[in-house]
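**Student:** The structure is given below, and queries will be raised subsequently.
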Number of protein chains: 2
Amino acid sequence: MDADTTKVRPPRSFRVTSFDVAAEAGVSQSTVSRALAGDPVVSEATRLRVAEAARKLNYHIDENAARLRTGRTGTLAVVVICRPGEDRKDLNPFTFALLGTICAAASTRGFETLVSFQDEPASLNGRYEEQRKADGLIVIGTTENGPAWHYYRELGRPTAGGPGMHWVCWGSPFDELEWIRSDNHGGARLAAAHLLSGGARYIACIASEHSPQRQFKERYDGYAEAVQEAGLTPWLIEIESGLPREQQGRRAIAAIRASGKPCDAIFAVCDEIALGALRELVEGGSRIPQDIAMIGFDGIRAGAQSMPPLSSVEPDFVAAGVMLVEKLLAVIAGEPNERRRVPVKLVPRASSLR
Amino acid sequence: MDADTTKVRPPRSFRVTSFDVAAEAGVSQSTVSRALAGDPVVSEATRLRVAEAARKLNYHIDENAARLRTGRTGTLAVVVICRPGEDRKDLNPFTFALLGTICAAASTRGFETLVSFQDEPASLNGRYEEQRKADGLIVIGTTENGPAWHYYRELGRPTAGGPGMHWVCWGSPFDELEWIRSDNHGGARLAAAHLLSGGARYIACIASEHSPQRQFKERYDGYAEAVQEAGLTPWLIEIESGLPREQQGRRAIAAIRASGKPCDAIFAVCDEIALGALRELVEGGSRIPQDIAMIGFDGIRAGAQSMPPLSSVEPDFVAAGVMLVEKLLAVIAGEPNERRRVPVKLVPRASSLR
DNA sequence: TAATTATTGTTATACCTCAAACTTAGTCTG
DNA sequence: CAGACTAAGTTTGAGGTATAACAATAATTA
């Protein structure tokens, strides 16, 4: 009964510790630690005895003690960069979808995910790695918040207190960072080819060559390439910056109308812009897709629910989450990881099928 | 130069610790801890000297050590309950919006947020509080995953290793839990009154009296009350369980048509159902709102982007996040907190304005 | 059989902080 | 001026784990 092995912990605390398990199993605390960690140095018999004792006492490891000891947190932080002042509920659904798959991927790899939203660069100053709250950072969200991105670029550099923070990002405005993006070029080619195969000859592209959102430029380039290969001329409708996406779509339609040029199809480089454009067109009496075929990019859920449902180029969200997590873990481990492009697929819906 | 105060830390580690700051500031480590924590027992002069030393050395507290010492984590965990097998990117946008405001509210109160998605009850077994990863739990997401909710109900009970886990939830299927919900009754009355004031006489309500989603029942009751007060008869279209929301909306329209009864307005107790119904109606040639006025509930972003834009009863998402966090902190502190109902507002859009 | 090597544990300590208990010096009161 | 109190620090000791270094036993080899 009286299993007095070595060094008995004073009975001050109410919490079940590895010492209690050790006493119960008749081994030392260190053996308990090793047994539960799966160290091959402990025999199978001992491991079983320890596991049984732990179960019986309802023992759970104290993560904080383990973290203090090892310096590893088993946690990844996801930072969602928002437009300044933007309501947290109004984020692009694409971002939320990505957040969901990142959490799932991290969980699969045994990591927790700490989530925070940020518009002011300073609000995270020295929070995560310097305080040892996370092993690394995944940055996603709008690329239009310049100051926030500059802040993170600086974080990549080594700091006084130790190595620089480890982090990766989605669709960064800076090429030198560790980023992952959709296969924008290929996806845009798919979209353009789809519209062409539907018989369209005058295809406008609502995009931007100058936005910090570099993915838009990549998509425009893919579109332009496909259109030129078909012997047609690319037609860029530049996005007006600073407006909500929906408004950007509406304004683009106004620009197309004002141009007086014929238009029988539109590729918008982002679904939310496409939805704004779609509504403007429908309200103006255009028939979709008979008069104008439309396709967007991003595969957000609302696209499938619009009237008519919006065709889109949809990135593999699950792959995106996995790739971000794997790249971050590679960066932390100092290993190479060259995967940068998330595969996309064409999702044709009523807005482009004639 | 040689600031040998007391008990010098062996120079093994590369990390800047409070001992280093103490040496730099010429005080003891314990004074550093107190100064940085704002303990009024340290003089203003000392506090400034310590702050300066910390800044100079780029010192950041090691949260893990603090956690181990205090037992507090400064972290709240948000668990999003999903339908089994549901893709993490396909969650109800309402849930994502709520997640966003919870994170923001927690951050304001100085807490980090750990986010995880869950469909299998067992997947979180003993994870958060027993391992000391979070001080408490906020459970949100679908109420249709029965097993997951049962699991959490059990967690409320005290456990062998200590007190039970602290947690609160959004829209629970069990009345005895610490829940927060929208003002469903009041909001539904607003919706019904709005349709009535538009001249509607035959108002159907797509809802459920039996779903584990109790909010639906509350909304139906509010609607029924308002309709009866106007001298009319409530008309319930029961939601078919097990289908995606969009389909549920479409099937409800089919049911209305099959009934052969006149219908000039519809209140759907959830926006995603309303959007499905709306599309079914439009595709069937109905003019909205001229033939049938429509309104939903939840205020999701896609509603504003539909054709025509969907009227809705929108809960105050920001308030919801704040209330959940505050209630959880109250539960942890053992204090009373009676606030349960999130205020809602009517957002009339084209789908109901004639 | 003696020497060597696996095998399986154990002891001791570091990780870094917070906070109770204690010290010292200065101030006030009756 | 003794006694009591305040202000401002300091000493000390957990908090629970992982792991380097050491020890003991069993198995293998020369």
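FYI, nothing fancy with the structure tokens labels: chains A, B, ... in order, residues from 1 per chain, ligands from 1 as they appear.
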Fewer than 4 positions away in the same chain doesn't count, so skip those; otherwise give me all residues within 9 Å of DT10 in chain D, counting only C-alpha atoms (C1' of nucleotides), as a PDB file with N, CA and C atoms (P, O5', C5', C4', C3', O3' and C1' of nucleotides), in the first residue's frame.

**Tutor:**
```
ATOM      1  N   THR B   6      22.179  39.905  -5.655  1.00  0.00           N
ATOM      2  CA  THR B   6      22.014  38.604  -5.018  1.00  0.00           C
ATOM      3  C   THR B   6      22.027  37.508  -6.072  1.00  0.00           C
ATOM      4  N   VAL B  27      18.204  45.756  -8.802  1.00  0.00           N
ATOM      5  CA  VAL B  27      17.230  45.339  -7.793  1.00  0.00           C
ATOM      6  C   VAL B  27      17.156  43.816  -7.802  1.00  0.00           C
ATOM      7  N   SER B  28      16.287  43.249  -6.996  1.00  0.00           N
ATOM      8  CA  SER B  28      16.153  41.799  -6.983  1.00  0.00           C
ATOM      9  C   SER B  28      15.163  41.350  -8.050  1.00  0.00           C
ATOM     10  N   SER B  30      12.668  39.518  -7.730  1.00  0.00           N
ATOM     11  CA  SER B  30      11.286  39.596  -7.278  1.00  0.00           C
ATOM     12  C   SER B  30      10.734  41.009  -7.460  1.00  0.00           C
ATOM     13  N   THR B  31      11.579  41.979  -7.266  1.00  0.00           N
ATOM     14  CA  THR B  31      11.135  43.358  -7.482  1.00  0.00           C
ATOM     15  C   THR B  31      10.807  43.596  -8.949  1.00  0.00           C
TER      16      THR B  31
ATOM     17  P    DC C  22       7.977  34.394   8.623  1.00  0.00           P
ATOM     18  O5'  DC C  22       9.175  35.414   8.338  1.00  0.00           O
ATOM     19  C5'  DC C  22      10.305  34.942   7.591  1.00  0.00           C
ATOM     20  C4'  DC C  22      11.094  36.130   7.106  1.00  0.00           C
ATOM     21  C3'  DC C  22      11.497  37.129   8.203  1.00  0.00           C
ATOM     22  O3'  DC C  22      12.903  37.086   8.366  1.00  0.00           O
ATOM     23  C1'  DC C  22      10.799  38.218   6.195  1.00  0.00           C
ATOM     24  P    DT C  23      13.623  37.942   9.536  1.00  0.00           P
ATOM     25  O5'  DT C  23      14.155  39.218   8.759  1.00  0.00           O
ATOM     26  C5'  DT C  23      15.126  39.067   7.731  1.00  0.00           C
ATOM     27  C4'  DT C  23      15.422  40.433   7.162  1.00  0.00           C
ATOM     28  C3'  DT C  23      15.882  41.462   8.191  1.00  0.00           C
ATOM     29  O3'  DT C  23      17.140  41.943   7.778  1.00  0.00           O
ATOM     30  C1'  DT C  23      14.186  42.359   6.802  1.00  0.00           C
TER      31       DT C  23
END
```

**Student:** Counting only C-alpha atoms (C1' of nucleotides), which residues from chain D have an atom at most 8 Å from any atom of chain B, and could you show them as a VMD selection string?

**Tutor:** chain D and resid 7 to 10 15 to 16

**Student:** CA of Ser351 in chain A and CA of Arg201 in chain A, how far apart in Å?

**Tutor:**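 CA of Ser351 in chain A lies 16.4 Å from CA of Arg201 in chain A.
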
**Student:** Enumerate as a PyMOL selection string all residues of range 178-346 of chain B assigned to alpha helix (DSSP H) by DSSP on the backbone, naming them with the chain letters and numbers the document uses.

**Tutor:** chain B and resi 184-197+214-229+245-259+271-283+301-304+317-333

**Student:** Using only C-alpha atoms (C1' of nucleotides), find each residue in chain C having at least one atom no more than 8 Å away from chain B; report its shortest atom-to-atom pair and that distance in Å (one decimal), rows by chain then rising number, as a Markdown table.

**Tutor:**
```
| residue | atom | partner | partner_atom | distance |
| --- | --- | --- | --- | --- |
| C:DC15 | C1' | B:Ala65 | CA | 7.8 |
| C:DC16 | C1' | B:Ala65 | CA | 5.0 |
| C:DT17 | C1' | B:Ala66 | CA | 5.0 |
| C:DC18 | C1' | B:Arg69 | CA | 6.1 |
```

**Student:** Please list as a count of residues only every residue within 12 Å of Leu275 in chain A, counting only C-alpha atoms (C1' of nucleotides) and excluding residues in the same chain fewer than 5 positions away.

**Tutor:** 45

**Student:** Go ahead and compute the interatomic distance for CA of Leu353 in chain B and CA of Ala293 in chain B, in Å to one decimal.

**Tutor:**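 Atom-to-atom, CA of Leu353 in chain B to CA of Ala293 in chain B, that is 7.4 Å.
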
**Student:** For chain B, which residue out of A:Ala254, A:Ala105, A:Ile237, A:Leu155 is the nearest one, using only C-alpha atoms?

**Tutor:**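 For chain B, the nearest of the given residues is A:Ala105.
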
**Student:** Can you tell me which residues surround Asp20 in chain B at a distance of at most 9 Å, considering only C-alpha atoms (C1' of nucleotides), apart from same-chain residues fewer than 4 positions away, and format the answer as number ranges by chain?

**Tutor:** B: 8-9, 16, 24-25, 29, 53-54, 57, 59

**Student:** Write the residues you've just listed into a file as a tab-separated table (two decimals), in the first residue's frame, and include N, CA and C atoms for each of them.

**Tutor:**
```tsv
chain	number	residue	atom	x	y	z
B	8	VAL	N	23.06	35.25	-8.41
B	8	VAL	CA	23.16	35.46	-9.86
B	8	VAL	C	22.78	34.18	-10.60
B	9	ARG	N	21.97	34.35	-11.60
B	9	ARG	CA	21.54	33.21	-12.40
B	9	ARG	C	22.71	32.62	-13.16
B	16	VAL	N	16.85	36.14	-22.23
B	16	VAL	CA	16.87	37.21	-21.25
B	16	VAL	C	15.79	36.93	-20.20
B	24	GLU	N	20.48	44.48	-14.25
B	24	GLU	CA	20.60	45.74	-14.99
B	24	GLU	C	20.04	46.91	-14.19
B	25	ALA	N	18.92	46.65	-13.52
B	25	ALA	CA	18.25	47.73	-12.79
B	25	ALA	C	18.76	47.86	-11.36
B	29	GLN	N	15.26	40.07	-8.39
B	29	GLN	CA	14.36	39.53	-9.40
B	29	GLN	C	12.91	39.72	-8.99
B	53	ALA	N	15.19	49.13	-17.89
B	53	ALA	CA	16.12	48.00	-18.04
B	53	ALA	C	15.51	46.92	-18.93
B	54	ALA	N	14.23	46.66	-18.72
B	54	ALA	CA	13.56	45.63	-19.52
B	54	ALA	C	13.56	46.03	-21.00
B	57	LEU	N	17.07	45.64	-22.53
B	57	LEU	CA	17.50	44.26	-22.76
B	57	LEU	C	16.53	43.51	-23.68
B	59	TYR	N	13.56	42.53	-22.94
B	59	TYR	CA	13.02	41.45	-22.12
B	59	TYR	C	11.53	41.27	-22.36
```

**Student:** Could you give me, as a list in words, the residues within 12 Å of Glu225 in chain A, counting only C-alpha atoms (C1' of nucleotides) and dropping anything in the same chain fewer than 3 positions from it?

**Tutor:** His185, Gly186, Gly187, Ala188, Arg189, Leu190, Ala191, Ala192, Ala193, Glu218, Arg219, Tyr220, Asp221, Gly222, Gln228, Glu229, Ala230, Gly231, Leu232, Thr233, Pro234 and Trp235 of chain A

**Student:** Just list the residues in range 35-98 of chain A DSSP gives strand (DSSP E or B) on the backbone, as a VMD selection string.

**Tutor:** chain A and resid 75 to 81

**Student:** Keeping C-alpha atoms for every residue in the selection just given, could you write it to a file as a compact mmCIF listing (two decimals), in the first residue's frame?

**Tutor:**
```
# COMPACT_ATOMS: atom_id res chain seq x y z
CA THR A 75 0.88 25.90 -30.60
CA LEU A 76 0.73 27.85 -33.83
CA ALA A 77 -0.64 31.35 -33.96
CA VAL A 78 -2.82 32.53 -36.81
CA VAL A 79 -2.91 36.27 -37.34
CA VAL A 80 -5.70 37.60 -39.50
CA ILE A 81 -4.86 41.02 -40.87
```

**Student:** Report as a Markdown table: every residue of chain D with an atom at most 10 Å from range 26-30 of chain C, its closest pair of atoms, and their distance in Å to one decimal, counting only C-alpha atoms (C1' of nucleotides), with rows sorted by chain and ascending residue number.

**Tutor:**
```
| residue | atom | partner | partner_atom | distance |
| --- | --- | --- | --- | --- |
| D:DG3 | C1' | C:DT29 | C1' | 9.0 |
| D:DA4 | C1' | C:DT29 | C1' | 8.3 |
| D:DC5 | C1' | C:DC28 | C1' | 7.6 |
| D:DT6 | C1' | C:DT27 | C1' | 7.5 |
| D:DA7 | C1' | C:DG26 | C1' | 8.2 |
```

**Student:** Quick one: write out the picked residues with N, CA and C atoms (P, O5', C5', C4', C3', O3' and C1' of nucleotides) as an mmCIF file, in the first residue's frame?

**Tutor:**
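Ended up saving to again_9.cif:
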```
data_model
loop_
_atom_site.group_PDB
_atom_site.id
_atom_site.type_symbol
_atom_site.label_atom_id
_atom_site.label_comp_id
_atom_site.auth_asym_id
_atom_site.auth_seq_id
_atom_site.Cartn_x
_atom_site.Cartn_y
_atom_site.Cartn_z
ATOM 1 P P DG D 3 8.843 48.786 24.633
ATOM 2 O "O5'" DG D 3 7.718 49.119 23.563
ATOM 3 C "C5'" DG D 3 6.582 49.867 23.985
ATOM 4 C "C4'" DG D 3 5.680 50.064 22.801
ATOM 5 C "C3'" DG D 3 5.587 48.837 21.895
ATOM 6 O "O3'" DG D 3 4.214 48.553 21.709
ATOM 7 C "C1'" DG D 3 6.172 50.780 20.626
ATOM 8 P P DA D 4 3.778 47.430 20.708
ATOM 9 O "O5'" DA D 4 3.343 48.297 19.445
ATOM 10 C "C5'" DA D 4 2.478 49.417 19.636
ATOM 11 C "C4'" DA D 4 2.199 50.036 18.289
ATOM 12 C "C3'" DA D 4 1.916 49.006 17.187
ATOM 13 O "O3'" DA D 4 0.825 49.476 16.422
ATOM 14 C "C1'" DA D 4 3.679 50.409 16.524
ATOM 15 P P DC D 5 0.135 48.500 15.384
ATOM 16 O "O5'" DC D 5 0.400 49.263 14.030
ATOM 17 C "C5'" DC D 5 0.285 50.700 13.995
ATOM 18 C "C4'" DC D 5 1.135 51.227 12.876
ATOM 19 C "C3'" DC D 5 0.988 50.466 11.556
ATOM 20 O "O3'" DC D 5 0.349 51.312 10.624
ATOM 21 C "C1'" DC D 5 3.249 51.097 11.990
ATOM 22 P P DT D 6 -0.040 50.747 9.174
ATOM 23 O "O5'" DT D 6 1.122 51.360 8.293
ATOM 24 C "C5'" DT D 6 1.351 52.766 8.322
ATOM 25 C "C4'" DT D 6 2.472 53.105 7.370
ATOM 26 C "C3'" DT D 6 2.342 52.466 5.997
ATOM 27 O "O3'" DT D 6 2.532 53.487 5.029
ATOM 28 C "C1'" DT D 6 4.476 51.999 6.928
ATOM 29 P P DA D 7 2.411 53.141 3.473
ATOM 30 O "O5'" DA D 7 3.943 53.070 3.053
ATOM 31 C "C5'" DA D 7 4.848 54.033 3.567
ATOM 32 C "C4'" DA D 7 6.198 53.826 2.934
ATOM 33 C "C3'" DA D 7 6.161 53.318 1.497
ATOM 34 O "O3'" DA D 7 7.211 53.960 0.805
ATOM 35 C "C1'" DA D 7 7.287 51.742 2.846
#
```

**Student:** Of the residues A:Gly141, A:Gly276, A:Gly285, A:Pro336, which is the one nearest to chain B, using only C-alpha atoms?

**Tutor:** A:Gly276

**Student:** Which residues come within 8 Å of Ala104 in chain A, counting only C-alpha atoms (C1' of nucleotides), excluding same-chain residues fewer than 3 positions away, as an mmCIF file with N, CA and C atoms, in the first residue's frame?

**Tutor:**
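Saved result, selection.cif, follows:
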```
data_model
loop_
_atom_site.group_PDB
_atom_site.id
_atom_site.type_symbol
_atom_site.label_atom_id
_atom_site.label_comp_id
_atom_site.auth_asym_id
_atom_site.auth_seq_id
_atom_site.Cartn_x
_atom_site.Cartn_y
_atom_site.Cartn_z
ATOM 1 N N GLY A 100 -10.457 28.166 -41.064
ATOM 2 C CA GLY A 100 -10.996 26.869 -40.666
ATOM 3 C C GLY A 100 -10.086 25.725 -41.063
ATOM 4 N N THR A 101 -9.589 25.749 -42.276
ATOM 5 C CA THR A 101 -8.763 24.623 -42.715
ATOM 6 C C THR A 101 -7.375 24.669 -42.077
ATOM 7 N N SER A 107 -4.390 20.887 -36.142
ATOM 8 C CA SER A 107 -4.864 19.883 -35.201
ATOM 9 C C SER A 107 -4.389 18.491 -35.610
ATOM 10 N N THR A 108 -4.451 18.208 -36.883
ATOM 11 C CA THR A 108 -3.988 16.919 -37.386
ATOM 12 C C THR A 108 -2.515 16.695 -37.066
ATOM 13 N N GLY A 321 -4.723 25.005 -46.238
ATOM 14 C CA GLY A 321 -4.467 24.926 -44.806
ATOM 15 C C GLY A 321 -3.294 24.012 -44.509
ATOM 16 N N ARG B 88 -14.403 22.069 -43.008
ATOM 17 C CA ARG B 88 -14.176 23.220 -42.143
ATOM 18 C C ARG B 88 -14.394 24.551 -42.841
ATOM 19 N N SER B 116 -10.607 25.715 -31.875
ATOM 20 C CA SER B 116 -10.579 24.393 -32.487
ATOM 21 C C SER B 116 -11.963 24.020 -32.984
ATOM 22 N N PHE B 117 -11.964 23.174 -33.976
ATOM 23 C CA PHE B 117 -13.201 22.727 -34.594
ATOM 24 C C PHE B 117 -13.382 21.275 -34.225
#
```

**Student:** Quote the spacing between CA of Leu91 in chain B and CA of Thr142 in chain B in Å to one decimal place.

**Tutor:**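 Value for the CA of Leu91 in chain B-CA of Thr142 in chain B distance: 8.9 Å.
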
**Student:** Taking only C-alpha atoms into account, name the residue in B:Ala200, B:Leu98, B:Ile288, B:Ala255 that is nearest to chain A.

**Tutor:** B:Leu98

**Student:** Could you check the closest approach to chain A for each of B:Leu278, B:Leu195, B:Leu36, B:Ile140 and tell me which residue wins, using only C-alpha atoms?

**Tutor:**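 For chain A, the nearest of the given residues is B:Leu278.
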
**Student:** Considering only C-alpha atoms (C1' of nucleotides), return as a PyMOL selection string whatever protein or nucleic-acid residues lie within 10 Å of DA30 in chain D, sequence-local ones (same chain, fewer than 3 positions apart) excluded.

**Tutor:** chain C and resi 2-4

**Student:** Hey, can you spit out that residue selection with N, CA and C atoms (P, O5', C5', C4', C3', O3' and C1' of nucleotides) as a PDB file, in the first residue's frame?

**Tutor:**
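Contents of out.pdb, freshly written:
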```pdb
ATOM      1  P    DA C   2      36.078 -14.329 -12.381  1.00  0.00           P
ATOM      2  O5'  DA C   2      36.513 -13.199 -13.423  1.00  0.00           O
ATOM      3  C5'  DA C   2      37.743 -13.345 -14.135  1.00  0.00           C
ATOM      4  C4'  DA C   2      37.744 -12.377 -15.295  1.00  0.00           C
ATOM      5  C3'  DA C   2      37.370 -10.945 -14.915  1.00  0.00           C
ATOM      6  O3'  DA C   2      38.229 -10.058 -15.613  1.00  0.00           O
ATOM      7  C1'  DA C   2      35.815 -11.763 -16.508  1.00  0.00           C
ATOM      8  P    DA C   3      38.024  -8.505 -15.540  1.00  0.00           P
ATOM      9  O5'  DA C   3      37.341  -8.184 -16.943  1.00  0.00           O
ATOM     10  C5'  DA C   3      37.934  -8.678 -18.136  1.00  0.00           C
ATOM     11  C4'  DA C   3      37.118  -8.212 -19.322  1.00  0.00           C
ATOM     12  C3'  DA C   3      36.725  -6.736 -19.263  1.00  0.00           C
ATOM     13  O3'  DA C   3      36.914  -6.178 -20.557  1.00  0.00           O
ATOM     14  C1'  DA C   3      34.779  -8.067 -19.440  1.00  0.00           C
ATOM     15  P    DT C   4      36.603  -4.680 -20.861  1.00  0.00           P
ATOM     16  O5'  DT C   4      35.207  -4.757 -21.612  1.00  0.00           O
ATOM     17  C5'  DT C   4      35.090  -5.537 -22.797  1.00  0.00           C
ATOM     18  C4'  DT C   4      33.646  -5.567 -23.253  1.00  0.00           C
ATOM     19  C3'  DT C   4      32.991  -4.196 -23.374  1.00  0.00           C
ATOM     20  O3'  DT C   4      32.560  -4.018 -24.717  1.00  0.00           O
ATOM     21  C1'  DT C   4      31.576  -5.728 -22.259  1.00  0.00           C
TER      22       DT C   4
END
```
